[in-house]
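Report on the following structure.
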Amino acid sequence: MKPTLSRSKKDSTSSSATNRSSTIWSKDGGCPFGTIPVKRITRDDLIRLRRIPQPEDVPFEDEYDISNNNSEPNGRYISSQGYKVAIARVPYNPNSKFAGAGMDTALYNPQVKGQQHSGSRLKIQKGSDILQVGWRVDPTLYGDTSTRLFIHFQAGKIHCFNTLCPGFVHVNKDIPLDGSFMETISHRGGDPWGAKMYIDRDLDSGNWWFLMTKSFVRVGFWPQSLFTDLKSFATNVDWGGVVYSPPGVPEPPMGSSYFPIDNSAYDAYCSGVTIFNEKGKSIEVDKTITHTDNPNMYKVEFIQLFDDADQMYFVLYGGPGESTHV
């Protein structure tokens with residue numbers, strides 16, 4: 001299983017940051033050698049899991065705008081009922097070959113209730129195959145309103161969170177896939193807490209690895225055999241926020257619960273946004289197409305801000321939704 005990944009111990013394109021880096025290492029020293037942390041599934045878990053909505057389905061528009069001299073796509077989205085996104089994505093090109101991507105995401109705890117959820121994610125996609133990693137506040141999935149790590153894969157009509165069904169191979173004895181970030185939550189106006197996350201394709205085996213922290217700690221992998229379209233490289237990458245509410249229920253807050261004001265101490269963000277090309281080289285993203293389903297509820301920007309003495313690109317996103325408490 002040992003991968004032949006090209007990630008080095010330090011990546012100059014990652015956020016070095018003024019933010020503090022969060023970890024979710026097990027407090028008791030982790031599991032014994034040769035074992036991994038696995039959540040015990042209870043009857044209540046099984047009842048809640050029946051209520052998890054169908055996964056977000058946001059297909060990319062394949063048609064190109066012929067009036068655009070750069071031959072860029074028109075950037076239209078078709079969002080699933082109940083979902084709202086505020087994201088920045090790499091300009092779509094069906095010939096793109098991405099071997100993964102990364103981000104440093106600021107950690108927040110937006111208020112949700114019932115079947116609502118709200119989170120931040122890195123998403124890669126080709127066709128009907130999708131991989132996502134990030135944080136999420138989701139009472140249906142987790143049974144509480146803590147900000148927790150999540151991973152998700154979709155392979156055709158099959159989809160699964162964390163290790164609730166066969167698919168993801170968890171190899172790290174110290175990092176639980178539903179780990180809580182509540183001890184390292186950002187508060188507007190303070191020094192933000194962040195978590196570095198990466199999806200990285202093993203160029204030899206074709207397996208897709210989930211890595212965390214600036215040291216690219218290996219958490220686990222999705223085997224290539226799960227996929228049809230992602231047996232090869234991804235063609236789409238996006239970063240940002242996503243929320244869900246059932247029909248007839250107001251949309252919850254996203255990110256910091258406020259609209260961005262171009263200040264990383266106040267805004268929810270994904271920084272250090274990178275893509276890995278077909279040779280595994282890490283490339284800083286300097287051009288995206290932004291999209292929000294409802295700009296009255298959520299906004300998104302892709303801008304340069306100063307990080308210490310250097311400028312770097314940030315995806316700033318968030319908003320109150322239809323909340324009356326913000």
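Going through the structure tokens in order, the chains are called A, B, and so on, while each chain numbers its residues from 1 and the ligands are numbered from 1 in the order shown.
Using only C-alpha atoms, the protein and nucleic acid residues lying no more than 8 Å from Thr228 in chain A, apart from those fewer than 4 places from it along its own chain, are Asp129, Ala155 and Gly156 of chain A.
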**Message:** Show me, as number ranges by chain, the residues that have an atom within 9 Å of Ile87 in chain A when counting only C-alpha atoms, minus same-chain residues fewer than 6 positions from it.
**Reply:** A: 238-242, 289-292, 299-301, 315-317
Any chance you could export the current selection's N, CA, C and O atoms as an mmCIF file, in the first residue's frame?
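Just written: out32.cif:
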data_model
loop_
_atom_site.group_PDB
_atom_site.id
_atom_site.type_symbol
_atom_site.label_atom_id
_atom_site.label_comp_id
_atom_site.auth_asym_id
_atom_site.auth_seq_id
_atom_site.Cartn_x
_atom_site.Cartn_y
_atom_site.Cartn_z
ATOM 1 N N ASP A 238 -12.666 22.495 -7.343
ATOM 2 C CA ASP A 238 -13.193 23.731 -6.759
ATOM 3 C C ASP A 238 -12.994 23.731 -5.255
ATOM 4 O O ASP A 238 -12.776 22.697 -4.618
ATOM 5 N N TRP A 239 -13.068 24.952 -4.690
ATOM 6 C CA TRP A 239 -12.869 25.208 -3.269
ATOM 7 C C TRP A 239 -13.962 26.155 -2.789
ATOM 8 O O TRP A 239 -14.377 27.043 -3.535
ATOM 9 N N GLY A 240 -14.392 26.018 -1.534
ATOM 10 C CA GLY A 240 -15.340 26.984 -1.002
ATOM 11 C C GLY A 240 -16.323 26.368 -0.042
ATOM 12 O O GLY A 240 -16.043 25.359 0.611
ATOM 13 N N GLY A 241 -17.519 26.981 0.039
ATOM 14 C CA GLY A 241 -18.513 26.585 1.017
ATOM 15 C C GLY A 241 -19.726 25.938 0.378
ATOM 16 O O GLY A 241 -20.078 26.231 -0.770
ATOM 17 N N VAL A 242 -20.388 25.072 1.151
ATOM 18 C CA VAL A 242 -21.616 24.423 0.707
ATOM 19 C C VAL A 242 -22.534 24.273 1.907
ATOM 20 O O VAL A 242 -22.086 23.992 3.026
ATOM 21 N N ILE A 289 -12.881 30.724 -11.688
ATOM 22 C CA ILE A 289 -14.226 31.228 -11.963
ATOM 23 C C ILE A 289 -15.029 31.056 -10.679
ATOM 24 O O ILE A 289 -15.062 29.965 -10.105
ATOM 25 N N THR A 290 -15.641 32.121 -10.187
ATOM 26 C CA THR A 290 -16.399 32.042 -8.943
ATOM 27 C C THR A 290 -17.887 31.876 -9.247
ATOM 28 O O THR A 290 -18.385 32.309 -10.287
ATOM 29 N N HIS A 291 -18.573 31.223 -8.311
ATOM 30 C CA HIS A 291 -20.010 30.995 -8.479
ATOM 31 C C HIS A 291 -20.676 30.942 -7.116
ATOM 32 O O HIS A 291 -20.178 30.300 -6.182
ATOM 33 N N THR A 292 -21.803 31.599 -6.975
ATOM 34 C CA THR A 292 -22.665 31.445 -5.816
ATOM 35 C C THR A 292 -24.091 31.289 -6.300
ATOM 36 O O THR A 292 -24.514 31.954 -7.260
ATOM 37 N N LYS A 299 -21.745 34.928 -0.472
ATOM 38 C CA LYS A 299 -20.874 35.552 -1.459
ATOM 39 C C LYS A 299 -19.545 34.808 -1.489
ATOM 40 O O LYS A 299 -19.162 34.118 -0.533
ATOM 41 N N VAL A 300 -18.811 34.979 -2.604
ATOM 42 C CA VAL A 300 -17.505 34.358 -2.760
ATOM 43 C C VAL A 300 -16.621 35.290 -3.566
ATOM 44 O O VAL A 300 -17.094 35.960 -4.495
ATOM 45 N N GLU A 301 -15.339 35.361 -3.199
ATOM 46 C CA GLU A 301 -14.357 36.157 -3.923
ATOM 47 C C GLU A 301 -13.066 35.359 -4.047
ATOM 48 O O GLU A 301 -12.748 34.540 -3.175
ATOM 49 N N VAL A 315 -9.609 32.152 -1.452
ATOM 50 C CA VAL A 315 -11.034 32.032 -1.760
ATOM 51 C C VAL A 315 -11.765 32.450 -0.500
ATOM 52 O O VAL A 315 -11.722 31.745 0.522
ATOM 53 N N LEU A 316 -12.390 33.629 -0.518
ATOM 54 C CA LEU A 316 -13.172 34.122 0.612
ATOM 55 C C LEU A 316 -14.640 33.824 0.346
ATOM 56 O O LEU A 316 -15.144 34.104 -0.746
ATOM 57 N N TYR A 317 -15.319 33.271 1.325
ATOM 58 C CA TYR A 317 -16.715 32.888 1.093
ATOM 59 C C TYR A 317 -17.478 32.993 2.402
ATOM 60 O O TYR A 317 -16.913 33.082 3.489
#
**Message:** Env of Met103 in chain A: 7 Å cut, atoms = only C-alpha atoms, seq-sep filter 6 positions within chain, self excluded. Answer as a VMD selection string.
**Reply:** chain A and resid 196 to 198 270 to 274
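Distances to Val243 in chain A were evaluated for A:Arg89, A:Arg121, A:Arg40, A:Lys97 using only C-alpha atoms, and the minimum falls at A:Arg121.
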**Item:** helix (DSSP H, G or I) call set, DSSP backbone run, range 73-248 of chain A, as a ChimeraX atom specification
**Value:** /A:139-142,182-184,224-226,229-231
Output the selection as an mmCIF file, in the first residue's frame - N, CA, C and O atoms for each residue.
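Everything below was put into out24.cif:
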data_model
loop_
_atom_site.group_PDB
_atom_site.id
_atom_site.type_symbol
_atom_site.label_atom_id
_atom_site.label_comp_id
_atom_site.auth_asym_id
_atom_site.auth_seq_id
_atom_site.Cartn_x
_atom_site.Cartn_y
_atom_site.Cartn_z
ATOM 1 N N PRO A 139 -25.601 17.667 11.850
ATOM 2 C CA PRO A 139 -26.237 16.834 12.874
ATOM 3 C C PRO A 139 -26.742 15.497 12.341
ATOM 4 O O PRO A 139 -26.769 14.516 13.088
ATOM 5 N N THR A 140 -27.131 15.446 11.077
ATOM 6 C CA THR A 140 -27.624 14.189 10.523
ATOM 7 C C THR A 140 -26.492 13.173 10.402
ATOM 8 O O THR A 140 -26.669 11.999 10.718
ATOM 9 N N LEU A 141 -25.341 13.619 9.948
ATOM 10 C CA LEU A 141 -24.204 12.720 9.768
ATOM 11 C C LEU A 141 -23.554 12.363 11.097
ATOM 12 O O LEU A 141 -23.191 11.195 11.333
ATOM 13 N N TYR A 142 -23.401 13.366 11.995
ATOM 14 C CA TYR A 142 -22.593 13.164 13.196
ATOM 15 C C TYR A 142 -23.370 13.107 14.503
ATOM 16 O O TYR A 142 -22.810 12.726 15.529
ATOM 17 N N MET A 182 -13.392 21.359 17.393
ATOM 18 C CA MET A 182 -14.008 22.368 18.248
ATOM 19 C C MET A 182 -13.024 23.064 19.183
ATOM 20 O O MET A 182 -13.313 24.160 19.680
ATOM 21 N N GLU A 183 -11.878 22.466 19.446
ATOM 22 C CA GLU A 183 -10.883 23.144 20.289
ATOM 23 C C GLU A 183 -10.064 24.160 19.510
ATOM 24 O O GLU A 183 -9.263 24.888 20.103
ATOM 25 N N THR A 184 -10.243 24.199 18.204
ATOM 26 C CA THR A 184 -9.456 25.119 17.365
ATOM 27 C C THR A 184 -10.367 25.841 16.368
ATOM 28 O O THR A 184 -10.085 25.898 15.177
ATOM 29 N N GLN A 224 -8.100 2.981 -6.826
ATOM 30 C CA GLN A 224 -8.472 3.299 -8.203
ATOM 31 C C GLN A 224 -9.638 2.439 -8.682
ATOM 32 O O GLN A 224 -10.463 2.880 -9.483
ATOM 33 N N SER A 225 -9.722 1.205 -8.168
ATOM 34 C CA SER A 225 -10.738 0.262 -8.629
ATOM 35 C C SER A 225 -12.165 0.708 -8.319
ATOM 36 O O SER A 225 -13.122 0.165 -8.881
ATOM 37 N N LEU A 226 -12.346 1.699 -7.422
ATOM 38 C CA LEU A 226 -13.683 2.208 -7.106
ATOM 39 C C LEU A 226 -14.298 2.961 -8.270
ATOM 40 O O LEU A 226 -15.528 3.057 -8.369
ATOM 41 N N ASP A 229 -14.502 7.107 -14.100
ATOM 42 C CA ASP A 229 -13.914 8.326 -14.671
ATOM 43 C C ASP A 229 -12.620 8.717 -13.966
ATOM 44 O O ASP A 229 -11.670 9.182 -14.599
ATOM 45 N N LEU A 230 -12.564 8.541 -12.652
ATOM 46 C CA LEU A 230 -11.355 8.906 -11.904
ATOM 47 C C LEU A 230 -10.320 7.781 -11.860
ATOM 48 O O LEU A 230 -9.400 7.815 -11.052
ATOM 49 N N LYS A 231 -10.454 6.812 -12.722
ATOM 50 C CA LYS A 231 -9.341 5.871 -12.906
ATOM 51 C C LYS A 231 -8.125 6.614 -13.458
ATOM 52 O O LYS A 231 -6.985 6.199 -13.261
#
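Within 7 Å of Trp222 in chain A, once only C-alpha atoms are used and residues closer than 3 positions along the same chain are dropped, the contacting residues are Gly167, Phe168, Val169, Asn207, Trp208 and Trp209 of chain A.
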I need the residues from that last selection saved to file as a compact mmCIF listing (two decimals), in the first residue's frame (with N, CA and C atoms), if you can.
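This is the output file again03.txt:
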# COMPACT_ATOMS: atom_id res chain seq x y z
N GLY A 167 -14.83 1.32 0.87
CA GLY A 167 -14.32 2.25 -0.14
C GLY A 167 -12.99 2.84 0.28
N PHE A 168 -13.04 3.79 1.21
CA PHE A 168 -11.83 4.45 1.67
C PHE A 168 -11.03 3.50 2.56
N VAL A 169 -9.72 3.43 2.33
CA VAL A 169 -8.83 2.60 3.13
C VAL A 169 -8.10 3.51 4.11
N ASN A 207 -4.22 5.15 -7.14
CA ASN A 207 -5.01 5.39 -5.94
C ASN A 207 -5.01 6.87 -5.59
N TRP A 208 -6.12 7.34 -5.00
CA TRP A 208 -6.25 8.74 -4.60
C TRP A 208 -6.07 8.84 -3.09
N TRP A 209 -5.03 9.56 -2.65
CA TRP A 209 -4.68 9.67 -1.23
C TRP A 209 -5.23 10.95 -0.62
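With only C-alpha atoms as the atoms that count, the minimum distance from Asp191 in chain A to the choices A:Ala265, A:Met254, A:Val112, A:Val171 is reached by A:Ala265.
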**Asked** Any idea what's packed within 10 Å of His117 in chain A, counting only C-alpha atoms, ignoring anything in its chain fewer than 2 positions away? Could you give it as number ranges by chain?
**Response** A: 83, 110-115, 119, 136-141, 145, 242-246, 251-254
**Asked** Between A:Val85, A:Ile303, A:Asn172, A:Asn263, which is the closest to Val285 in chain A once you count only C-alpha atoms?
**Response** A:Ile303
**Request:** Quick one: everything within 10 Å of Ser96 in chain A, counting only C-alpha atoms, minus sequence neighbours fewer than 4 positions away in the same chain. Send it as a VMD selection string.
**Result:** chain A and resid 90 to 92 126 233 to 236 277 to 278
Would you save the residues of that selection, restricted to N, CA, C and O atoms, as a compact mmCIF listing (two decimals), in the first residue's frame?
# COMPACT_ATOMS: atom_id res chain seq x y z
N VAL A 90 -11.33 26.02 -10.88
CA VAL A 90 -10.41 26.17 -12.00
C VAL A 90 -11.22 26.24 -13.28
O VAL A 90 -12.18 25.47 -13.45
N PRO A 91 -10.91 27.16 -14.19
CA PRO A 91 -11.66 27.23 -15.45
C PRO A 91 -11.73 25.86 -16.12
O PRO A 91 -10.73 25.17 -16.27
N TYR A 92 -12.94 25.47 -16.49
CA TYR A 92 -13.16 24.12 -17.00
C TYR A 92 -12.57 23.93 -18.39
O TYR A 92 -12.73 24.75 -19.28
N LYS A 126 -14.33 14.17 -12.10
CA LYS A 126 -14.34 13.88 -13.52
C LYS A 126 -15.59 13.06 -13.80
O LYS A 126 -15.79 12.00 -13.21
N PHE A 233 -7.08 10.98 -14.53
CA PHE A 233 -6.95 12.26 -13.84
C PHE A 233 -8.31 12.97 -13.73
O PHE A 233 -9.25 12.66 -14.45
N ALA A 234 -8.37 13.94 -12.82
CA ALA A 234 -9.55 14.77 -12.68
C ALA A 234 -9.53 15.90 -13.71
O ALA A 234 -8.46 16.30 -14.18
N THR A 235 -10.70 16.42 -14.02
CA THR A 235 -10.80 17.54 -14.95
C THR A 235 -11.34 18.81 -14.27
O THR A 235 -11.21 19.90 -14.82
N ASN A 236 -11.93 18.67 -13.08
CA ASN A 236 -12.52 19.80 -12.38
C ASN A 236 -12.03 19.86 -10.93
O ASN A 236 -11.91 18.82 -10.27
N ASN A 277 -0.42 18.85 -11.20
CA ASN A 277 -0.58 18.52 -12.63
C ASN A 277 -0.37 17.04 -12.87
O ASN A 277 -0.15 16.26 -11.93
N GLU A 278 -0.42 16.62 -14.12
CA GLU A 278 -0.37 15.20 -14.45
C GLU A 278 0.97 14.56 -14.09
O GLU A 278 1.07 13.34 -13.99
**Prompt:** Can you list, as number ranges by chain, every residue of range 99-283 of chain A that DSSP puts in strand (DSSP E or B)?
**Reply:** A: 100-106, 117-126, 129-137, 147-155, 158-161, 169-170, 180, 193-201, 208-212, 217-222, 234, 236-244, 254, 268-276, 282-283
